[in-house]
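K.L.:
Data: entry-v2.txt, compact mmCIF, C-alpha atoms.
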# COMPACT_ATOMS: atom_id res chain seq x y z
CA MET A 172 -5.04 -40.04 35.51
CA GLU A 173 -1.31 -39.39 35.55
CA ILE A 174 -1.55 -36.51 33.10
CA LEU A 175 -3.90 -34.69 35.45
CA ASN A 176 -1.36 -34.84 38.28
CA ASN A 177 -0.27 -31.38 39.41
CA GLU A 178 3.35 -32.43 38.99
CA LEU A 179 2.86 -32.33 35.23
CA PHE A 180 2.47 -28.56 35.33
CA GLN A 181 5.87 -28.22 36.98
CA TYR A 182 7.60 -29.20 33.75
CA SER A 183 8.61 -26.25 31.61
CA PHE A 184 7.88 -28.08 28.34
CA PHE A 185 4.26 -28.59 29.39
CA THR A 186 3.69 -25.01 30.56
CA ASN A 187 5.27 -23.85 27.30
CA ALA A 188 2.88 -26.12 25.42
CA MET A 189 -0.12 -24.65 27.23
CA LEU A 190 1.03 -21.10 26.50
CA ALA A 191 1.55 -22.07 22.87
CA ALA A 192 -1.98 -23.49 22.76
CA LEU A 193 -3.34 -20.22 24.15
CA PHE A 194 -1.37 -18.06 21.72
CA ALA A 195 -2.29 -20.30 18.79
CA SER A 196 -5.95 -20.11 19.74
CA ILE A 197 -5.90 -16.31 19.83
CA THR A 198 -3.94 -15.80 16.60
CA CYS A 199 -5.82 -18.45 14.62
CA GLY A 200 -9.14 -17.37 16.13
CA ILE A 201 -8.65 -13.79 14.93
CA ILE A 202 -7.08 -14.44 11.53
CA GLY A 203 -9.22 -17.51 10.91
CA THR A 204 -12.41 -15.48 11.33
CA TYR A 205 -11.18 -13.06 8.68
CA ILE A 206 -10.21 -15.95 6.36
CA VAL A 207 -13.56 -17.69 6.67
CA SER A 208 -15.52 -14.44 6.30
CA ARG A 209 -13.58 -13.47 3.16
CA ARG A 210 -13.87 -17.05 1.85
CA ILE A 211 -10.13 -17.19 1.15
CA VAL A 212 -9.43 -20.52 2.84
CA PHE A 213 -7.78 -21.82 -0.34
CA ILE A 214 -5.43 -18.81 -0.39
CA SER A 215 -4.38 -19.61 3.16
CA GLY A 216 -3.73 -23.19 2.11
CA GLY A 217 -1.46 -21.94 -0.66
CA ILE A 218 0.51 -19.74 1.75
CA THR A 219 0.74 -22.58 4.26
CA HIS A 220 2.26 -25.08 1.85
CA ALA A 221 4.41 -22.49 0.08
CA SER A 222 6.11 -21.78 3.43
CA PHE A 223 7.81 -25.17 3.10
CA GLY A 224 10.04 -23.54 0.51
CA GLY A 225 11.32 -21.11 3.14
CA ILE A 226 12.05 -23.99 5.50
CA GLY A 227 14.12 -25.76 2.84
CA ILE A 228 16.09 -22.62 1.94
CA ALA A 229 16.69 -21.86 5.64
CA TYR A 230 18.11 -25.34 6.23
CA TYR A 231 20.38 -24.95 3.21
CA ILE A 232 21.88 -21.59 4.23
CA GLY A 233 21.94 -22.46 7.94
CA ILE A 234 19.41 -20.11 9.53
CA ASN A 235 16.36 -20.74 11.70
CA PRO A 236 13.72 -22.56 9.58
CA ILE A 237 10.91 -20.48 11.09
CA VAL A 238 12.61 -17.27 9.90
CA GLY A 239 12.92 -18.72 6.41
CA ALA A 240 9.31 -19.86 6.45
CA ALA A 241 8.14 -16.42 7.63
CA LEU A 242 9.97 -14.58 4.85
CA PHE A 243 8.80 -17.04 2.19
CA SER A 244 5.21 -16.90 3.46
CA ILE A 245 5.13 -13.11 3.32
CA PHE A 246 6.61 -13.23 -0.19
CA SER A 247 4.02 -15.83 -1.22
CA ALA A 248 1.11 -13.91 0.33
CA LEU A 249 2.08 -10.70 -1.47
CA GLY A 250 2.70 -12.62 -4.68
CA ILE A 251 -0.70 -14.31 -4.62
CA GLU A 252 -2.46 -11.03 -3.84
CA TYR A 253 -0.58 -9.16 -6.57
CA ILE A 254 -1.08 -11.78 -9.28
CA THR A 255 -4.80 -12.14 -8.62
CA LYS A 256 -5.34 -8.35 -8.61
CA GLN A 257 -2.98 -7.22 -11.36
CA SER A 258 -3.05 -10.00 -13.97
CA ASP A 259 -5.54 -12.09 -15.90
CA ILE A 260 -4.45 -15.29 -14.12
CA ARG A 261 -7.29 -16.89 -12.19
CA GLN A 262 -6.95 -16.87 -8.42
CA ASP A 263 -7.05 -20.66 -8.04
CA SER A 264 -4.37 -21.01 -10.72
CA ALA A 265 -2.09 -18.48 -8.98
CA ILE A 266 -2.54 -20.27 -5.67
CA GLY A 267 -1.77 -23.63 -7.26
CA ILE A 268 1.42 -22.22 -8.79
CA TRP A 269 2.69 -20.81 -5.49
CA TRP A 270 1.60 -23.93 -3.59
CA SER A 271 3.53 -26.32 -5.84
CA PHE A 272 6.49 -23.95 -6.27
CA GLY A 273 7.00 -23.61 -2.51
CA MET A 274 6.83 -27.34 -1.87
CA ALA A 275 9.19 -28.06 -4.78
CA ILE A 276 11.74 -25.45 -3.66
CA GLY A 277 11.63 -26.83 -0.11
CA ILE A 278 12.26 -30.41 -1.20
CA ILE A 279 15.10 -29.39 -3.56
CA PHE A 280 17.00 -27.32 -1.00
CA ILE A 281 16.56 -29.88 1.77
CA TYR A 282 17.98 -32.51 -0.58
CA LEU A 283 20.92 -30.20 -1.40
CA THR A 284 21.63 -29.42 2.27
CA PRO A 285 25.03 -30.92 3.18
CA GLY A 286 25.30 -33.33 6.09
CA TYR A 287 22.44 -35.24 7.66
CA ALA A 288 18.89 -34.94 6.40
CA PRO A 289 16.86 -32.82 8.85
CA ASN A 290 13.84 -34.26 10.60
CA LEU A 291 10.84 -32.48 9.07
CA MET A 292 8.14 -34.24 11.04
CA SER A 293 7.73 -31.37 13.51
CA TYR A 294 7.25 -28.91 10.64
CA LEU A 295 4.87 -31.12 8.66
CA PHE A 296 2.73 -32.36 11.56
CA GLY A 297 3.64 -30.11 14.50
CA SER A 298 5.19 -30.74 17.90
CA ILE A 299 3.63 -28.54 20.54
CA LEU A 300 5.55 -30.30 23.34
CA ASN A 301 8.83 -29.06 21.81
CA VAL A 302 7.88 -25.41 21.53
CA SER A 303 10.76 -23.24 22.73
CA LEU A 304 10.79 -19.94 24.58
CA TYR A 305 11.99 -18.39 21.31
CA ASN A 306 8.78 -19.56 19.56
CA LEU A 307 6.62 -18.36 22.44
CA LEU A 308 8.09 -14.86 22.33
CA PHE A 309 7.28 -14.54 18.64
CA MET A 310 3.79 -15.97 19.13
CA GLY A 311 3.13 -13.61 22.05
CA GLY A 312 4.26 -10.68 19.94
CA MET A 313 1.93 -11.79 17.14
CA VAL A 314 -0.97 -11.95 19.61
CA ILE A 315 -0.35 -8.32 20.60
CA VAL A 316 -0.02 -7.18 16.98
CA LEU A 317 -3.27 -8.87 15.92
CA ILE A 318 -5.29 -7.65 18.89
CA VAL A 319 -4.13 -4.05 18.41
CA PHE A 320 -4.52 -4.13 14.62
CA PHE A 321 -8.01 -5.66 14.63
CA THR A 322 -9.13 -3.34 17.43
CA VAL A 323 -7.95 -0.18 15.66
CA PHE A 324 -9.14 -1.18 12.17
CA TYR A 325 -12.13 -3.33 13.15
CA ARG A 326 -14.77 -1.48 11.12
CA PHE A 327 -12.48 -1.24 8.11
CA ILE A 328 -11.77 -5.00 8.24
CA LEU A 329 -15.48 -5.64 8.65
CA PHE A 330 -16.25 -3.71 5.45
CA ILE A 331 -13.55 -5.55 3.50
CA SER A 332 -14.68 -8.95 4.81
CA PHE A 333 -18.31 -8.62 3.76
CA ASP A 334 -18.48 -5.85 1.13
CA GLU A 335 -15.20 -4.79 -0.44
CA THR A 336 -17.02 -2.76 -3.11
CA TYR A 337 -18.73 -0.68 -0.42
CA ALA A 338 -15.36 0.03 1.18
CA LYS A 339 -13.94 1.18 -2.17
CA THR A 340 -16.85 3.56 -2.74
CA HIS A 341 -15.85 5.34 0.48
CA ARG A 342 -12.32 5.78 -0.93
CA LEU A 343 -10.76 3.57 1.72
CA PRO A 344 -7.28 2.11 0.98
CA VAL A 345 -8.67 -1.36 0.33
CA ASN A 346 -5.71 -2.68 -1.66
CA LEU A 347 -3.20 -1.61 0.99
CA MET A 348 -5.29 -3.19 3.73
CA ASN A 349 -5.57 -6.42 1.72
CA TYR A 350 -1.79 -6.61 1.41
CA ILE A 351 -1.32 -5.99 5.14
CA LEU A 352 -3.91 -8.61 6.06
CA MET A 353 -2.30 -11.15 3.73
CA ILE A 354 1.04 -10.55 5.45
CA LEU A 355 -0.62 -11.13 8.83
CA VAL A 356 -2.18 -14.33 7.48
CA GLY A 357 1.26 -15.52 6.35
CA LEU A 358 2.90 -14.74 9.69
CA THR A 359 0.09 -16.41 11.62
CA VAL A 360 0.46 -19.54 9.51
CA VAL A 361 4.22 -19.71 10.09
CA LEU A 362 4.11 -19.09 13.83
CA ASN A 363 1.60 -21.91 14.26
CA ILE A 364 3.54 -24.45 12.21
CA ARG A 365 5.24 -25.69 15.40
CA ILE A 366 1.83 -26.33 16.94
CA VAL A 367 0.03 -28.43 14.32
CA GLY A 368 2.41 -28.41 11.35
CA ILE A 369 2.17 -27.30 7.73
CA ILE A 370 -0.21 -30.10 6.79
CA LEU A 371 -2.78 -29.30 9.48
CA VAL A 372 -2.47 -25.59 10.30
CA LEU A 373 -5.28 -24.74 7.88
CA SER A 374 -7.66 -26.77 10.05
CA LEU A 375 -6.81 -24.64 13.08
CA LEU A 376 -7.73 -21.58 11.01
CA THR A 377 -11.12 -22.90 9.88
CA ILE A 378 -12.65 -25.57 12.15
CA PRO A 379 -13.16 -23.42 15.30
CA GLN A 380 -14.66 -20.61 13.19
CA THR A 381 -17.01 -23.06 11.48
CA ILE A 382 -18.16 -24.38 14.85
CA ALA A 383 -18.70 -20.86 16.19
CA ASN A 384 -20.64 -19.88 13.08
CA LEU A 385 -23.16 -22.63 13.83
CA PHE A 386 -24.34 -20.68 16.86
CA VAL A 387 -23.42 -17.02 16.27
CA LYS A 388 -23.35 -14.83 13.16
CA LYS A 389 -21.66 -11.57 14.18
CA PHE A 390 -18.00 -11.17 13.19
CA ARG A 391 -16.84 -10.21 16.69
CA SER A 392 -18.81 -13.06 18.31
CA ILE A 393 -17.42 -15.62 15.86
CA MET A 394 -13.92 -14.41 16.67
CA ILE A 395 -14.38 -14.72 20.44
CA TYR A 396 -16.09 -18.12 20.28
CA ALA A 397 -13.48 -19.39 17.82
CA ILE A 398 -10.70 -18.50 20.27
CA LEU A 399 -12.46 -20.34 23.11
CA ILE A 400 -13.24 -23.39 20.98
CA SER A 401 -9.72 -23.50 19.62
CA PHE A 402 -8.24 -23.36 23.13
CA ILE A 403 -10.53 -26.13 24.39
CA GLY A 404 -9.67 -28.32 21.39
CA SER A 405 -5.95 -27.57 21.69
CA LEU A 406 -5.84 -28.41 25.40
CA SER A 407 -7.84 -31.59 24.85
CA GLY A 408 -5.53 -32.66 22.05
CA LEU A 409 -2.49 -31.77 24.13
CA PHE A 410 -3.55 -33.95 27.07
CA ILE A 411 -4.60 -36.83 24.83
CA SER A 412 -1.39 -36.76 22.80
CA TYR A 413 0.72 -36.68 25.97
CA ALA A 414 -1.22 -39.54 27.54
CA LEU A 415 -1.15 -41.79 24.46
CA ASP A 416 2.25 -40.64 23.18
CA ILE A 417 0.92 -39.80 19.72
CA PRO A 418 1.56 -36.76 17.45
CA SER A 419 0.20 -33.62 19.11
CA GLY A 420 -0.75 -31.69 15.96
CA ALA A 421 -2.92 -34.44 14.53
CA THR A 422 -4.52 -35.05 17.94
CA ILE A 423 -5.43 -31.37 18.32
CA ILE A 424 -7.13 -31.33 14.93
CA PHE A 425 -8.87 -34.63 15.75
CA SER A 426 -10.20 -33.06 18.97
CA LEU A 427 -11.50 -30.05 17.04
CA VAL A 428 -13.26 -32.31 14.54
CA LEU A 429 -14.90 -34.15 17.44
CA LEU A 430 -16.04 -30.78 18.82
CA PHE A 431 -17.49 -29.96 15.41
CA ILE A 432 -19.42 -33.27 15.33
CA LEU A 433 -20.63 -32.63 18.90
CA ALA A 434 -21.73 -29.10 18.00
CA ARG A 435 -23.63 -30.35 14.95
CA GLY A 436 -25.28 -32.99 17.12
CA ILE A 437 -26.32 -30.44 19.74
CA LEU A 438 -27.70 -28.14 17.04
CA ALA A 439 -29.66 -30.97 15.42
CA LEU A 440 -31.02 -32.09 18.80
CA THR A 441 -32.05 -28.53 19.67
CA ARG A 442 -33.89 -28.14 16.38
CA PHE A 443 -35.60 -31.50 16.87
CA ILE A 444 -36.80 -30.55 20.37
CA ARG A 445 -38.09 -27.18 19.11
CA PHE A 446 -39.90 -28.95 16.28
CA ARG A 447 -41.56 -31.41 18.68
CA ILE A 448 -42.58 -28.64 21.06
CA SER A 449 -44.05 -26.52 18.28
Would you encode the structure as structure tokens?
P.N.:
Amino acid sequence: MEILNNELFQYSFFTNAMLAALFASITCGIIGTYIVSRRIVFISGGITHASFGGIGIAYYIGINPIVGAALFSIFSALGIEYITKQSDIRQDSAIGIWWSFGMAIGIIFIYLTPGYAPNLMSYLFGSILNVSLYNLLFMGGMVIVLIVFFTVFYRFILFISFDETYAKTHRLPVNLMNYILMILVGLTVVLNIRIVGIILVLSLLTIPQTIANLFVKKFRSIMIYAILISFIGSLSGLFISYALDIPSGATIIFSLVLLFILARGILALTRFIRFRIS
């Protein structure tokens, strides 16, 4: 196949795309494991869609949309965490408010932006083949931050993920750690928008972890397997999207779903063989 030709790897856009796939796999593998373990997938969805408000504001005032999305995501993450902890508003209601508010703000400011209407397809559905060196530097920095943070505070994060009450009984700063982790979730979401887009980034944070959890149960093992699965799915989607000239973000998620179906099939077949042998 043409896409397997070594000449393809001589193009900077393709090597950038592969690096982006690697960085996305690491960041989403780490943060996604925390999200799935804490069962806060819906919160992540709220932050993801609220970030669209930052993109709209950034276009309006003329700054980099990713910077606007990052600031708005952090604001949304802290807002959701604060409202659910400090008020009598239900968590799902708070998430729904931020979700709709962010999307509405984004649409309004994009409409008010003077001049031509910006192309939002790459932010909604991703465009890994257009990832710039600027994006890669930020993603690489996020990889380092997450690896260091989760290595240093691994046991603390483990307590919070599975038994927050136990962590509080040991007088650990649970609330502070929750705020920090929510900020990291928001930043991870934003930095991966260019890979699969706002609409699909939540899938990159959950599908690989779900696949890994079919075979392993330990937090650290799920994290490692999720990174590997995410990278395999991202590379597969990257090659397929380049070969067929179709949107990369949707193709990556489609590849991960196929891996999930394959994993379920392997698990079912293994159980069937064990049943027949026994």
K.L.:
List the residues sitting within 12 Å of (0.6, -8.4, -5.1) in the file's frame, using all atoms listed in the file, as a short mmCIF file (atom, residue, chain, number, x, y, z; two decimals) with C-alpha atoms, keeping the file's coordinate frame.
P.N.:
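Listing of out-v9.cif after writing:
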data_model
loop_
_atom_site.label_atom_id
_atom_site.label_comp_id
_atom_site.auth_asym_id
_atom_site.auth_seq_id
_atom_site.Cartn_x
_atom_site.Cartn_y
_atom_site.Cartn_z
CA ILE A 245 5.13 -13.11 3.32
CA PHE A 246 6.61 -13.23 -0.19
CA SER A 247 4.02 -15.83 -1.22
CA ALA A 248 1.11 -13.91 0.33
CA LEU A 249 2.08 -10.70 -1.47
CA GLY A 250 2.70 -12.62 -4.68
CA ILE A 251 -0.70 -14.31 -4.62
CA GLU A 252 -2.46 -11.03 -3.84
CA TYR A 253 -0.58 -9.16 -6.57
CA ILE A 254 -1.08 -11.78 -9.28
CA THR A 255 -4.80 -12.14 -8.62
CA LYS A 256 -5.34 -8.35 -8.61
CA GLN A 257 -2.98 -7.22 -11.36
CA SER A 258 -3.05 -10.00 -13.97
CA GLN A 262 -6.95 -16.87 -8.42
CA ALA A 265 -2.09 -18.48 -8.98
CA ASN A 346 -5.71 -2.68 -1.66
CA LEU A 347 -3.20 -1.61 0.99
CA MET A 348 -5.29 -3.19 3.73
CA ASN A 349 -5.57 -6.42 1.72
CA TYR A 350 -1.79 -6.61 1.41
CA ILE A 351 -1.32 -5.99 5.14
CA MET A 353 -2.30 -11.15 3.73
CA ILE A 354 1.04 -10.55 5.45
#
K.L.:
Taking into account only C-alpha atoms, which residue in the set A:Tyr282, A:Phe386, A:Trp269, A:Phe194 is nearest to Asn306 in chain A?
P.N.:
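Of all the options, A:Phe194 lies closest to Asn306 in chain A.
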K.L.:
Rounded to one decimal place, report the CA of Thr204 in chain A-CA of Ile393 in chain A distance in Å.
P.N.:
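Going from CA of Thr204 in chain A over to CA of Ile393 in chain A, I get 6.8 Å.
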K.L.:
Counting all atoms listed in the file, find the residues whose atoms lie at most 10 Å from (-5.3, -18.3, 16.4) (file coordinates) and write them out as a count of residues only.
P.N.:
31
K.L.:
Quick one: of A:Ala240, A:Ile266, A:Leu283, A:Ala188, who's nearest to Phe410 in chain A, counting all atoms listed in the file?
P.N.:
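Of A:Ala240, A:Ile266, A:Leu283, A:Ala188, the one nearest Phe410 in chain A is A:Ala188, counting all atoms listed in the file.
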K.L.:
Considering all atoms listed in the file, state which residue in the set A:Tyr205, A:Phe213, A:Phe425, A:Phe243 is at the smallest distance from Gly273 in chain A.
P.N.:
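Looking at the shortest contact to Gly273 in chain A, the residue is A:Phe243.
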K.L.:
Please measure the separation of CA of Thr441 in chain A and CA of Lys389 in chain A, giving the value in Å to one decimal.
P.N.:
20.6 Å
K.L.:
Given the choices A:Arg326, A:Gly224, A:Ile432, A:Tyr230, which gets closest to Ile276 in chain A if the distance is worked out from only C-alpha atoms?
P.N.:
A:Gly224
K.L.:
Rounded to one decimal, what separation in Å do you get between CA of Gly311 in chain A and CA of Val361 in chain A?
P.N.:
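Spanning CA of Gly311 in chain A to CA of Val361 in chain A is a straight-line distance of 13.5 Å.
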K.L.:
Taking 5 positions as the minimum chain separation for residues in the same chain, which residues sit within 6 Å of range 364-368 of chain A when counting only C-alpha atoms? Answer as a PDB file with C-alpha atoms, in the frame of the given file.
P.N.:
ATOM      1  CA  TYR A 294       7.250 -28.910  10.640  1.00  0.00           C
ATOM      2  CA  LEU A 295       4.870 -31.120   8.660  1.00  0.00           C
ATOM      3  CA  PHE A 296       2.730 -32.360  11.560  1.00  0.00           C
ATOM      4  CA  GLY A 297       3.640 -30.110  14.500  1.00  0.00           C
ATOM      5  CA  SER A 298       5.190 -30.740  17.900  1.00  0.00           C
ATOM      6  CA  ILE A 299       3.630 -28.540  20.540  1.00  0.00           C
ATOM      7  CA  GLY A 420      -0.750 -31.690  15.960  1.00  0.00           C
TER       8      GLY A 420
END
